[in-house]
Amino acid sequence: MMKHLYKAAIGLLLTGFASGTALAEEPPVLRSQVMTLSEIVTVGDFYSNAGLHASKPLFRSPDMGTSGNVAAGIVAERARAAGLETAGTDGLRSVVVHRGATKIDRDQLESLVRNALAGRNAALGPDVLDVKLLQAPDRILADPKVADPIRFDRVDWSETNGHFVIQVSVAVEHGTERLTLSGVAHEMVDVTVLAQPLRRGDLLKEEDLTSMRLMRSKVPAGALLAPEEIVGKEAKTNIRANTPLSHRSFQRPVLVNRGDKVTITFNMPGVKLTSRAKALDPGAKGDVIDVMNLQSRRIVPATVTSRGQVRVHATNPVVASLNSETN
């Protein structure tokens, strides 16, 4: 008798456990939107809590990168037929199915081409190439399951005229698709230009300068690339804005002009002699120019030291011409 009661109790416990498990299971819920990367949409894509039926196929996906609507009633009907007996519409009239894709727009494609071209010349970086696509799709849709969806098969590029033709393979739904890209690519150089025009004799300040990107083939020989080379110098002629600059357009500031009256200084141990002279040449600081002593009319070379001031070297025979004025 006790044995039968024990079996009955065990049976009740097992029945209660099974009933509790069934009550604990959550019912399937239809999603209003489905995102997939696969070409097949499954029960589990449409319904949460699909359980063992999740992997069963229901529909073919839309094309890569596109969306499509399917009636909720049809989804529920097919899900029940696939074994999910409690599948319903959950108040929805339709479900949006979107199939993902790797989208590559024209800007991204230009960047990929820039990298491919730079790879052909170790001296060039992608950042110095200006690329313009002439023949190329506005957008490429590739298989999102492929890590590198675009492969460059052949690259032909003339650095002389910039024209290129590239053969590529794009990973699509089934295999690859071949495309031909063409365009022009040029190496660009940052050159120093004036932000505003400069007049002859003006001193160049750092704020007068800016930079401009030009094709290397358009940059004149000797064009300045580093602005610090000319800051503080004087314009030899009027210079227009936004044109490449060169050393030939600038000079050190002229401190002595031709015909100026200058003071000559001669220094030697214990003696400092000065005299007045006339400059026969213009000169900037450090330049050696010819000057004529106003008393002796003698012409000697002297070094410009500041505005209106020149100095003669100790080995210069000017001492004789300066002995009339001693400080």
# chains A, B, ... in the order shown; residues from 1 in each chain; ligands from 1
call {"tool": "select_by_dssp", "arguments": {"residues": "segment 10-185 of chain A", "states": "alpha helix (DSSP H)", "output": "ChimeraX atom specification"}}
result
/A:10-24,43-46,72-81,106-118
call {"tool": "residues_around", "arguments": {"residues": "His313 of chain A", "least_positions_apart": "6", "cutoff": "12 Å", "atoms": "only C-alpha atoms", "output": "list in words"}}
result
Ile264, Thr265, Phe266, Asn267, Met268, Leu273, Val288, Val300, Pro301, Ala302, Thr303, Val304 and Val319 of chain A
call {"tool": "residues_around", "arguments": {"residues": "Leu117 of chain A", "least_positions_apart": "2", "cutoff": "8 Å", "atoms": "only C-alpha atoms", "output": "PyMOL selection string"}}
result
chain A and resi 113-115+119-121+126+155+157
call {"tool": "write_last_selection", "arguments": {"atoms": "N, CA and C atoms", "output": "PDB file, in the first residue's frame"}}
result
ATOM      1  N   VAL A 113      40.421  53.854 -53.868  1.00  0.00           N
ATOM      2  CA  VAL A 113      41.259  54.036 -55.060  1.00  0.00           C
ATOM      3  C   VAL A 113      42.531  54.782 -54.692  1.00  0.00           C
ATOM      4  N   ARG A 114      42.411  55.794 -53.840  1.00  0.00           N
ATOM      5  CA  ARG A 114      43.577  56.576 -53.413  1.00  0.00           C
ATOM      6  C   ARG A 114      44.613  55.666 -52.735  1.00  0.00           C
ATOM      7  N   ASN A 115      44.146  54.771 -51.889  1.00  0.00           N
ATOM      8  CA  ASN A 115      45.057  53.847 -51.218  1.00  0.00           C
ATOM      9  C   ASN A 115      45.702  52.886 -52.210  1.00  0.00           C
ATOM     10  N   GLY A 119      49.754  52.716 -53.141  1.00  0.00           N
ATOM     11  CA  GLY A 119      50.484  51.483 -52.958  1.00  0.00           C
ATOM     12  C   GLY A 119      51.428  51.161 -54.101  1.00  0.00           C
ATOM     13  N   ARG A 120      51.260  51.835 -55.229  1.00  0.00           N
ATOM     14  CA  ARG A 120      52.134  51.598 -56.382  1.00  0.00           C
ATOM     15  C   ARG A 120      53.400  52.447 -56.340  1.00  0.00           C
ATOM     16  N   ASN A 121      53.451  53.436 -55.451  1.00  0.00           N
ATOM     17  CA  ASN A 121      54.610  54.328 -55.368  1.00  0.00           C
ATOM     18  C   ASN A 121      54.918  54.579 -53.894  1.00  0.00           C
ATOM     19  N   PRO A 126      48.634  58.299 -49.404  1.00  0.00           N
ATOM     20  CA  PRO A 126      47.262  58.539 -49.890  1.00  0.00           C
ATOM     21  C   PRO A 126      46.803  59.973 -49.695  1.00  0.00           C
ATOM     22  N   VAL A 155      45.593  47.572 -61.646  1.00  0.00           N
ATOM     23  CA  VAL A 155      45.654  49.038 -61.541  1.00  0.00           C
ATOM     24  C   VAL A 155      46.609  49.564 -62.602  1.00  0.00           C
ATOM     25  N   TRP A 157      47.937  53.196 -64.032  1.00  0.00           N
ATOM     26  CA  TRP A 157      47.920  54.635 -63.714  1.00  0.00           C
ATOM     27  C   TRP A 157      49.137  55.300 -64.319  1.00  0.00           C
TER      28      TRP A 157
END
call {"tool": "atom_distance", "arguments": {"atom1": "atom CA of Arg258 of chain A", "atom2": "atom CA of Leu194 of chain A"}}
result
29.2 Å
call {"tool": "atom_distance", "arguments": {"atom1": "atom CA of Thr263 of chain A", "atom2": "atom CA of Met292 of chain A"}}
result
10.8 Å
call {"tool": "residues_around", "arguments": {"residues": "Val96 of chain A", "least_positions_apart": "4", "cutoff": "8 Å", "atoms": "only C-alpha atoms", "output": "short mmCIF file (atom, residue, chain, number, x, y, z; two decimals) with N, CA, C and O atoms, in the first residue's frame"}}
result
data_model
loop_
_atom_site.label_atom_id
_atom_site.label_comp_id
_atom_site.auth_asym_id
_atom_site.auth_seq_id
_atom_site.Cartn_x
_atom_site.Cartn_y
_atom_site.Cartn_z
N SER A 32 7.97 43.60 -35.26
CA SER A 32 7.46 44.50 -36.30
C SER A 32 8.50 44.75 -37.39
O SER A 32 8.16 45.08 -38.52
N GLN A 33 9.79 44.58 -37.02
CA GLN A 33 10.87 44.77 -37.99
C GLN A 33 11.87 43.63 -37.84
O GLN A 33 12.19 43.21 -36.73
N VAL A 34 12.37 43.18 -38.97
CA VAL A 34 13.34 42.10 -38.99
C VAL A 34 14.58 42.59 -39.73
O VAL A 34 14.48 43.13 -40.84
N SER A 67 14.57 46.70 -48.48
CA SER A 67 13.55 46.29 -47.51
C SER A 67 12.30 45.83 -48.23
O SER A 67 12.05 46.20 -49.38
N GLY A 68 11.51 45.03 -47.53
CA GLY A 68 10.23 44.58 -48.08
C GLY A 68 9.23 44.34 -46.97
O GLY A 68 9.62 44.07 -45.82
N ASN A 69 7.93 44.46 -47.27
CA ASN A 69 6.86 44.24 -46.29
C ASN A 69 6.20 42.89 -46.56
O ASN A 69 6.02 42.49 -47.71
N VAL A 70 5.85 42.21 -45.48
CA VAL A 70 5.10 40.95 -45.59
C VAL A 70 3.95 41.00 -44.60
O VAL A 70 4.09 41.50 -43.48
#
call {"tool": "residues_around", "arguments": {"residues": "segment 44-46 of chain A", "least_positions_apart": "5", "cutoff": "6 Å", "atoms": "only C-alpha atoms", "output": "number ranges by chain"}}
result
A: 30-31, 54
call {"tool": "residues_around", "arguments": {"residues": "Val168 of chain A", "least_positions_apart": "2", "cutoff": "7 Å", "atoms": "only C-alpha atoms", "output": "list in words"}}
result
Ile150, Arg151, Phe152, Asp153, Ile166, Val170, Arg178, Leu179 and Thr180 of chain A
call {"tool": "select_by_dssp", "arguments": {"residues": "segment 39-245 of chain A", "states": "strand (DSSP E or B)", "output": "PyMOL selection string"}}
result
chain A and resi 40-42+47-48+57-60+67-71+94-99+102-105+129-135+139-142+150-157+163-171+176-194+198+203+209-215+223+234-235+239
call {"tool": "atom_distance", "arguments": {"atom1": "atom CA of Gln196 of chain A", "atom2": "atom CA of Lys285 of chain A"}}
result
26.9 Å
call {"tool": "decode", "arguments": {"residues": "segment 23-64 of chain A", "atoms": "C-alpha atoms", "output": "PDB file, in the first residue's frame"}}
result
ATOM      1  CA  LEU A  23       3.651  27.878 -17.523  1.00  0.00           C
ATOM      2  CA  ALA A  24       7.163  29.376 -17.277  1.00  0.00           C
ATOM      3  CA  GLU A  25       7.713  29.266 -21.041  1.00  0.00           C
ATOM      4  CA  GLU A  26       7.100  32.653 -22.669  1.00  0.00           C
ATOM      5  CA  PRO A  27       4.892  32.705 -25.778  1.00  0.00           C
ATOM      6  CA  PRO A  28       6.391  33.669 -29.167  1.00  0.00           C
ATOM      7  CA  VAL A  29       6.064  37.360 -30.064  1.00  0.00           C
ATOM      8  CA  LEU A  30       6.077  38.646 -33.651  1.00  0.00           C
ATOM      9  CA  ARG A  31       8.572  41.419 -34.329  1.00  0.00           C
ATOM     10  CA  SER A  32       7.457  44.503 -36.300  1.00  0.00           C
ATOM     11  CA  GLN A  33      10.871  44.767 -37.987  1.00  0.00           C
ATOM     12  CA  VAL A  34      13.339  42.098 -38.995  1.00  0.00           C
ATOM     13  CA  MET A  35      17.031  42.739 -39.750  1.00  0.00           C
ATOM     14  CA  THR A  36      18.958  39.979 -41.478  1.00  0.00           C
ATOM     15  CA  LEU A  37      22.174  39.401 -43.397  1.00  0.00           C
ATOM     16  CA  SER A  38      21.052  36.081 -44.816  1.00  0.00           C
ATOM     17  CA  GLU A  39      19.158  35.366 -48.017  1.00  0.00           C
ATOM     18  CA  ILE A  40      16.623  33.338 -45.973  1.00  0.00           C
ATOM     19  CA  VAL A  41      14.379  34.677 -43.181  1.00  0.00           C
ATOM     20  CA  THR A  42      13.678  32.123 -40.458  1.00  0.00           C
ATOM     21  CA  VAL A  43      11.004  31.633 -37.808  1.00  0.00           C
ATOM     22  CA  GLY A  44      13.466  32.926 -35.207  1.00  0.00           C
ATOM     23  CA  ASP A  45      14.042  36.088 -37.236  1.00  0.00           C
ATOM     24  CA  PHE A  46      10.298  36.865 -37.084  1.00  0.00           C
ATOM     25  CA  TYR A  47       9.484  35.596 -33.586  1.00  0.00           C
ATOM     26  CA  SER A  48      11.166  35.917 -30.249  1.00  0.00           C
ATOM     27  CA  ASN A  49      10.920  32.790 -28.052  1.00  0.00           C
ATOM     28  CA  ALA A  50      10.693  30.580 -31.143  1.00  0.00           C
ATOM     29  CA  GLY A  51      12.521  27.773 -29.348  1.00  0.00           C
ATOM     30  CA  LEU A  52      13.390  24.674 -31.357  1.00  0.00           C
ATOM     31  CA  HIS A  53      11.626  26.068 -34.431  1.00  0.00           C
ATOM     32  CA  ALA A  54      13.827  29.205 -34.666  1.00  0.00           C
ATOM     33  CA  SER A  55      16.039  27.937 -37.515  1.00  0.00           C
ATOM     34  CA  LYS A  56      13.220  26.865 -39.800  1.00  0.00           C
ATOM     35  CA  PRO A  57      13.032  28.946 -43.029  1.00  0.00           C
ATOM     36  CA  LEU A  58       9.916  30.973 -43.871  1.00  0.00           C
ATOM     37  CA  PHE A  59      10.710  33.442 -46.687  1.00  0.00           C
ATOM     38  CA  ARG A  60      13.440  34.508 -49.048  1.00  0.00           C
ATOM     39  CA  SER A  61      15.034  37.828 -48.018  1.00  0.00           C
ATOM     40  CA  PRO A  62      14.825  40.983 -50.141  1.00  0.00           C
ATOM     41  CA  ASP A  63      17.841  41.952 -52.241  1.00  0.00           C
ATOM     42  CA  MET A  64      20.914  43.141 -50.292  1.00  0.00           C
TER      43      MET A  64
END
